[in-house]
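Next up, upload_37.txt (compact mmCIF, C-alpha atoms):
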```txt
# COMPACT_ATOMS: atom_id res chain seq x y z
CA MET A 1 130.81 77.01 40.78
CA PRO A 2 133.61 78.75 42.75
CA VAL A 3 134.75 77.03 45.94
CA PHE A 4 134.08 79.43 48.80
CA ARG A 5 137.15 78.32 50.76
CA GLU A 6 139.37 79.09 47.78
CA GLN A 7 137.73 82.47 47.32
CA LEU A 8 138.34 83.21 50.99
CA ALA A 9 142.00 82.19 50.78
CA SER A 10 142.53 84.34 47.69
CA GLY A 11 141.61 87.55 49.51
CA GLU A 12 138.71 88.21 47.18
CA LEU A 13 136.16 90.69 48.54
CA LEU A 14 133.26 88.61 49.88
CA VAL A 15 130.04 90.09 51.23
CA GLY A 16 127.46 88.11 53.16
CA THR A 17 124.87 88.69 55.83
CA PHE A 18 123.63 87.17 59.06
CA VAL A 19 120.39 85.21 59.17
CA LYS A 20 118.66 85.68 62.52
CA THR A 21 115.32 84.06 61.70
CA PRO A 22 115.28 80.24 61.90
CA SER A 23 113.19 79.86 58.77
CA PRO A 24 114.06 77.88 55.63
CA VAL A 25 111.99 80.38 53.66
CA VAL A 26 114.18 83.29 54.79
CA ALA A 27 117.30 81.28 53.92
CA GLU A 28 115.77 80.42 50.55
CA VAL A 29 114.92 84.03 49.68
CA LEU A 30 118.34 85.35 50.67
CA SER A 31 120.00 82.52 48.73
CA LEU A 32 118.46 83.99 45.58
CA THR A 33 120.42 87.23 46.00
CA GLY A 34 123.90 88.03 44.75
CA LEU A 35 125.44 87.76 48.21
CA ASP A 36 128.56 85.60 48.54
CA CYS A 37 127.41 83.71 51.63
CA LEU A 38 124.91 83.53 54.47
CA CYS A 39 125.76 83.04 58.13
CA LEU A 40 123.11 81.38 60.31
CA ASP A 41 123.49 82.94 63.75
CA ALA A 42 122.95 80.00 66.09
CA GLU A 43 124.87 81.86 68.80
CA HIS A 44 122.51 84.81 69.25
CA ALA A 45 119.31 83.67 67.52
CA PRO A 46 116.96 80.75 68.28
CA PHE A 47 118.35 78.13 65.90
CA ASP A 48 118.02 74.56 67.07
CA ARG A 49 119.37 71.54 65.21
CA LEU A 50 116.26 71.13 63.06
CA ALA A 51 116.22 74.81 62.09
CA ILE A 52 119.87 74.70 61.06
CA ASP A 53 119.13 71.58 59.03
CA GLY A 54 116.22 73.19 57.17
CA CYS A 55 118.03 76.43 56.42
CA VAL A 56 121.20 74.72 55.22
CA ALA A 57 119.13 72.45 53.00
CA MET A 58 117.75 75.51 51.23
CA THR A 59 121.12 77.18 50.78
CA ARG A 60 122.61 73.99 49.33
CA ALA A 61 119.68 73.49 46.98
CA ILE A 62 120.22 76.94 45.49
CA GLY A 63 124.02 76.91 45.66
CA MET A 64 124.58 79.59 48.30
CA PRO A 65 127.57 79.00 50.62
CA SER A 66 126.41 78.76 54.21
CA LEU A 67 128.23 79.35 57.48
CA VAL A 68 126.85 78.50 60.90
CA ARG A 69 127.94 80.57 63.89
CA ILE A 70 127.59 77.95 66.60
CA PRO A 71 126.68 78.82 70.22
CA VAL A 72 129.89 77.41 71.66
CA ALA A 73 132.99 75.91 70.05
CA THR A 74 132.45 72.27 71.00
CA PRO A 75 132.82 69.24 68.69
CA GLU A 76 129.13 68.34 68.80
CA HIS A 77 128.04 71.76 67.52
CA VAL A 78 130.70 71.71 64.81
CA LEU A 79 129.69 68.20 63.78
CA ASN A 80 126.00 69.04 63.58
CA ALA A 81 126.54 72.09 61.35
CA LEU A 82 128.86 70.25 58.98
CA ASP A 83 126.78 67.06 58.85
CA CYS A 84 123.79 69.23 57.89
CA GLY A 85 125.87 70.37 54.95
CA ALA A 86 127.09 73.81 55.97
CA THR A 87 130.06 75.17 54.06
CA GLY A 88 131.78 76.17 57.26
CA VAL A 89 131.58 77.06 60.91
CA VAL A 90 132.19 80.30 62.80
CA ALA A 91 133.33 79.49 66.33
CA PRO A 92 132.81 82.20 68.97
CA HIS A 93 135.30 83.16 71.66
CA ILE A 94 138.45 81.48 70.38
CA ARG A 95 140.92 82.82 72.92
CA ASN A 96 144.20 80.98 72.39
CA ALA A 97 146.08 78.61 70.13
CA ALA A 98 144.91 75.52 72.03
CA GLU A 99 141.25 76.42 71.48
CA ALA A 100 141.93 77.25 67.84
CA THR A 101 143.68 73.90 67.36
CA ALA A 102 140.78 71.98 68.94
CA PHE A 103 138.27 73.84 66.77
CA ALA A 104 140.23 73.29 63.56
CA ARG A 105 140.58 69.58 64.35
CA ALA A 106 136.83 69.27 65.02
CA CYS A 107 136.11 70.69 61.55
CA ARG A 108 138.07 68.03 59.69
CA PHE A 109 138.26 64.29 59.43
CA GLY A 110 141.31 62.44 60.72
CA PRO A 111 142.80 61.37 64.04
CA GLY A 112 140.95 63.05 66.89
CA GLY A 113 138.79 64.97 64.46
CA ARG A 114 135.29 64.98 63.09
CA GLY A 115 133.30 61.75 63.23
CA TYR A 116 132.30 60.18 59.93
CA ALA A 117 128.80 59.18 58.85
CA GLY A 118 127.89 58.48 55.25
CA SER A 119 124.18 58.95 55.91
CA THR A 120 124.33 62.74 56.31
CA ARG A 121 123.30 65.46 53.87
CA ALA A 122 126.95 66.46 53.65
CA ALA A 123 127.76 62.96 52.36
CA CYS A 124 124.72 62.99 50.04
CA TYR A 125 122.84 60.39 52.08
CA THR A 126 125.20 57.45 51.31
CA THR A 127 125.32 58.22 47.58
CA ARG A 128 128.84 59.68 47.74
CA ALA A 129 131.76 57.30 48.24
CA MET A 130 133.82 57.80 51.39
CA PRO A 131 137.05 58.75 49.55
CA ASP A 132 135.18 61.39 47.55
CA HIS A 133 133.49 62.82 50.63
CA LEU A 134 136.77 62.99 52.54
CA ARG A 135 138.48 64.72 49.62
CA LEU A 136 135.71 67.25 49.07
CA SER A 137 135.39 68.00 52.76
CA GLU A 138 139.11 68.67 53.04
CA ARG A 139 138.94 70.99 50.07
CA GLU A 140 135.76 72.87 50.95
CA THR A 141 135.21 73.00 54.71
CA VAL A 142 135.84 76.45 56.20
CA ALA A 143 136.90 76.99 59.82
CA ILE A 144 136.48 80.58 61.04
CA ALA A 145 137.76 81.58 64.48
CA GLN A 146 135.94 84.53 66.01
CA ILE A 147 138.32 86.84 67.86
CA GLU A 148 136.32 88.83 70.39
CA ASP A 149 138.21 88.76 73.68
CA PRO A 150 141.15 90.95 74.74
CA VAL A 151 143.12 87.81 75.67
CA ALA A 152 142.64 86.56 72.11
CA VAL A 153 144.11 89.77 70.74
CA ASP A 154 147.12 89.25 73.01
CA ALA A 155 147.50 85.73 71.58
CA ILE A 156 146.58 86.60 68.00
CA GLU A 157 149.92 85.62 66.43
CA GLU A 158 149.75 82.14 67.95
CA ILE A 159 146.09 81.73 66.93
CA ALA A 160 146.79 82.88 63.37
CA ARG A 161 149.56 80.30 63.00
CA VAL A 162 147.26 77.36 63.77
CA ALA A 163 146.95 75.05 60.78
CA GLY A 164 143.38 74.54 59.65
CA ILE A 165 142.10 77.98 60.65
CA ASP A 166 140.94 79.62 57.43
CA CYS A 167 139.79 83.00 58.72
CA LEU A 168 139.96 85.27 61.75
CA PHE A 169 136.61 86.96 62.30
CA VAL A 170 136.56 90.11 64.40
CA GLY A 171 133.90 90.36 67.11
CA ARG A 172 134.22 94.09 67.58
CA VAL A 173 131.28 94.65 69.92
CA ASP A 174 132.50 92.00 72.35
CA LEU A 175 136.02 93.42 72.15
CA THR A 176 134.63 96.83 73.05
CA VAL A 177 132.82 95.43 76.07
CA GLY A 178 135.84 93.31 77.00
CA TYR A 179 138.01 96.40 77.14
CA GLY A 180 135.44 98.13 79.35
CA LEU A 181 134.63 100.71 76.69
CA ALA A 182 131.39 102.07 75.26
CA SER A 183 132.43 102.96 71.71
CA GLN A 184 133.57 100.62 68.95
CA ASP A 185 135.51 103.58 67.54
CA HIS A 186 137.71 103.94 70.61
CA GLU A 187 141.37 103.94 69.59
CA ARG A 188 142.06 100.86 71.71
CA VAL A 189 139.39 98.86 69.87
CA VAL A 190 140.52 100.11 66.45
CA GLY A 191 144.09 99.24 67.38
CA ALA A 192 143.05 95.73 68.39
CA VAL A 193 141.26 95.18 65.07
CA GLU A 194 144.34 96.41 63.22
CA ARG A 195 146.46 93.87 65.16
CA ILE A 196 144.12 91.09 64.05
CA CYS A 197 144.33 92.24 60.43
CA ASP A 198 148.12 92.39 60.62
CA ALA A 199 148.34 88.89 62.10
CA GLY A 200 146.08 87.51 59.40
CA ARG A 201 148.17 89.09 56.66
CA ARG A 202 151.47 87.84 58.14
CA ASN A 203 150.21 84.29 58.56
CA GLY A 204 148.19 83.90 55.39
CA ARG A 205 144.79 83.87 57.08
CA ALA A 206 141.77 85.69 55.74
CA VAL A 207 140.22 88.29 58.04
CA GLY A 208 136.51 88.96 58.31
CA MET A 209 134.28 91.24 60.33
CA PHE A 210 130.82 92.65 60.89
CA LEU A 211 130.49 96.38 60.33
CA SER A 212 127.50 98.47 61.29
CA ARG A 213 128.54 101.20 58.81
CA ILE A 214 128.89 100.13 55.19
CA GLU A 215 131.10 103.14 54.52
CA ASP A 216 133.78 101.58 56.76
CA VAL A 217 134.32 98.68 54.35
CA PRO A 218 137.04 100.42 52.25
CA PHE A 219 139.01 101.37 55.38
CA TRP A 220 139.21 97.79 56.64
CA HIS A 221 139.57 96.25 53.19
CA GLU A 222 142.71 98.32 52.72
CA ARG A 223 144.00 96.86 55.98
CA GLY A 224 143.52 93.29 54.85
CA ALA A 225 139.95 92.32 55.71
CA SER A 226 138.16 90.57 52.86
CA LEU A 227 135.06 88.88 54.35
CA PHE A 228 132.32 91.26 55.44
CA LEU A 229 129.11 89.96 57.02
CA LEU A 230 126.91 93.04 56.84
CA GLY A 231 123.44 93.52 58.22
CA SER A 232 120.90 90.77 58.78
CA ASP A 233 117.46 89.68 57.71
CA HIS A 234 116.09 91.55 60.75
CA GLY A 235 117.88 94.69 59.63
CA PHE A 236 116.52 94.37 56.10
CA LEU A 237 112.96 94.11 57.45
CA LEU A 238 113.34 97.10 59.74
CA GLN A 239 115.04 99.27 57.13
CA GLY A 240 112.62 98.23 54.40
CA ALA A 241 109.61 99.10 56.56
CA ALA A 242 111.13 102.44 57.57
CA ASP A 243 111.91 103.32 53.94
CA LEU A 244 108.42 102.34 52.85
CA LEU A 245 106.79 104.47 55.51
CA ASP A 246 109.03 107.45 54.78
CA LYS A 247 108.37 107.29 51.01
CA ALA A 248 104.61 106.98 51.52
CA ARG A 249 104.47 109.97 53.86
CA ARG A 250 106.69 112.10 51.65
CA SER A 251 104.58 111.29 48.59
CA VAL A 252 101.47 112.59 50.35
CA ALA A 253 103.24 115.66 51.74
CA ALA A 254 104.45 116.55 48.25
```
Go ahead and render the structure in this file as structure tokens.
Amino acid sequence: MPVFREQLASGELLVGTFVKTPSPVVAEVLSLTGLDCLCLDAEHAPFDRLAIDGCVAMTRAIGMPSLVRIPVATPEHVLNALDCGATGVVAPHIRNAAEATAFARACRFGPGGRGYAGSTRAACYTTRAMPDHLRLSERETVAIAQIEDPVAVDAIEEIARVAGIDCLFVGRVDLTVGYGLASQDHERVVGAVERICDAGRRNGRAVGMFLSRIEDVPFWHERGASLFLLGSDHGFLLQGAADLLDKARRSVAA
């Protein structure tokens, strides 16, 4: 099975989606698709520790890489997601190199880093030897810094140089609001996203983003973005219901 972190580092096109519903069944169903990863949105959806645990258990059982977007970039939230067995963590509002460094350290074992427990799902409930768990964690754990503040764009070169950061993820809506604008297509926002892509390319970091328009993927892929988290389980439900209703009504009208 491909290692997601290695795929991310290679620049391979990866497409995932957000999971907004704290249900292991939803995570299970989406894990049966051909998506490259799922991202549990514990920042903007009602995921508690138990819900994260149940959803990650399902993704691991099926072999789907899982990311957890934590509510705040603190060591306890990072630790919980990784102990549950998540492939990686998306940390919101990383604004400078110091915050990026602290986040990257919290994702990995070592001095001042992640605490070790062999009883976790990540360590296979004591059935994996410590040296093996440390080695696999170092190889596989993904640390994704979300760039969504104007001050982060100003510091993007320093953030991108931080060792241990695997990917810069663009928070375009927050950037738009942060700049006091109302459109994500404003030239200032587009320019900021291009700066993030450029910094990622110069420093060997993958770049990811959410896009509301699928047709924008080629534009940003050409500029260096390779991880696209598109849509969500909520969006699939809404669009599926709308399509169903439209087809039913058109079939009768015909």
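Compared by their closest atoms to A:Arg201, and using all atoms listed in the file, the residues A:Gly113, A:Gly11, A:Gly63, A:Gly88 rank with A:Gly11 nearest.
Atom pair atom CA of A:Leu211 / atom CA of A:Leu229 has a distance of 7.4 Å (rounded to one decimal).
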What lies within 8 Å of stretch 155-160 of chain A using all atoms listed in the file, ignoring chain neighbours under 2 positions off, as a list in words? Arg95, Asn96, Ala97, Ala100, Val151, Ala152, Val153, Val162, Ile165, Leu168, Arg195, Ile196, Ala199, Gly200, Asn203 and Arg205 of chain A
Store the residues of this selection in a file with C-alpha atoms, as a CSV table (one decimal), in the frame of the given file.
```
chain,number,residue,atom,x,y,z
A,95,ARG,CA,140.9,82.8,72.9
A,96,ASN,CA,144.2,81.0,72.4
A,97,ALA,CA,146.1,78.6,70.1
A,100,ALA,CA,141.9,77.2,67.8
A,151,VAL,CA,143.1,87.8,75.7
A,152,ALA,CA,142.6,86.6,72.1
A,153,VAL,CA,144.1,89.8,70.7
A,162,VAL,CA,147.3,77.4,63.8
A,165,ILE,CA,142.1,78.0,60.6
A,168,LEU,CA,140.0,85.3,61.8
A,195,ARG,CA,146.5,93.9,65.2
A,196,ILE,CA,144.1,91.1,64.0
A,199,ALA,CA,148.3,88.9,62.1
A,200,GLY,CA,146.1,87.5,59.4
A,203,ASN,CA,150.2,84.3,58.6
A,205,ARG,CA,144.8,83.9,57.1
```
For stretch 211-232 of chain A against stretch 181-190 of chain A, with a cut-off of 12 Å and counting all atoms listed in the file, what is the closest atom pair and its distance in Å to one decimal for every residue that makes the cut, ordered by chain and number, as a Markdown table?
```
| residue | atom | partner | partner_atom | distance |
| --- | --- | --- | --- | --- |
| A:Leu211 | CA | A:Gln184 | CA | 10.1 |
| A:Ser212 | CA | A:Gln184 | CA | 10.0 |
| A:Arg213 | CA | A:Gln184 | CA | 11.3 |
| A:Asp216 | CA | A:Asp185 | CA | 11.1 |
| A:Phe219 | CA | A:Val190 | CA | 11.2 |
| A:Trp220 | CA | A:Val190 | CA | 10.2 |
| A:Arg223 | CA | A:Val190 | CA | 11.5 |
```
Create the file for the chosen residues now, containing C-alpha atoms and written as a JSON list (two decimals), keeping the file's coordinate frame.
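What ended up in part10.json:
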```json
[["chain", "number", "residue", "atom", "x", "y", "z"],
["A", 211, "LEU", "CA", 130.49, 96.38, 60.33],
["A", 212, "SER", "CA", 127.50, 98.47, 61.29],
["A", 213, "ARG", "CA", 128.54, 101.20, 58.81],
["A", 216, "ASP", "CA", 133.78, 101.58, 56.76],
["A", 219, "PHE", "CA", 139.01, 101.37, 55.38],
["A", 220, "TRP", "CA", 139.21, 97.79, 56.64],
["A", 223, "ARG", "CA", 144.00, 96.86, 55.98]]
```
Counting all atoms listed in the file, note down every residue that has an atom within 8 Å of the point (118.3, 82.8, 56.5) (file coordinates), as a ChimeraX atom specification. /A:18-31,38-40,55,233
Check the smallest atom-to-atom distance from each of A:Leu245, A:Pro92, A:Met64, A:Gly240 to A:Val170 using all atoms listed in the file, then report the winner. A:Pro92
Report, in Å to a single decimal, how far apart atom CA of A:Ala143 and atom CA of A:Phe4 are. 11.6 Å
Name all residues at most 9 Å from A:Arg108 (count all atoms listed in the file; drop same-chain ones fewer than 6 positions away) and give them as an mmCIF file with C-alpha atoms, keeping the file's coordinate frame.
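This went into result_38.cif:
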```cif
data_model
loop_
_atom_site.group_PDB
_atom_site.id
_atom_site.type_symbol
_atom_site.label_atom_id
_atom_site.label_comp_id
_atom_site.auth_asym_id
_atom_site.auth_seq_id
_atom_site.Cartn_x
_atom_site.Cartn_y
_atom_site.Cartn_z
ATOM 1 C CA ARG A 114 135.290 64.980 63.090
ATOM 2 C CA GLY A 115 133.300 61.750 63.230
ATOM 3 C CA LEU A 134 136.770 62.990 52.540
ATOM 4 C CA SER A 137 135.390 68.000 52.760
ATOM 5 C CA GLU A 138 139.110 68.670 53.040
ATOM 6 C CA THR A 141 135.210 73.000 54.710
ATOM 7 C CA GLY A 164 143.380 74.540 59.650
#
```
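Minimum atom-to-atom distance to A:Val15, evaluated using all atoms listed in the file, belongs to A:Phe228 out of A:Phe228, A:Tyr125, A:Phe210, A:Phe236.
The two atoms in question, atom CA of A:Ala9 and atom CA of A:Pro71, are spaced 25.0 Å apart.
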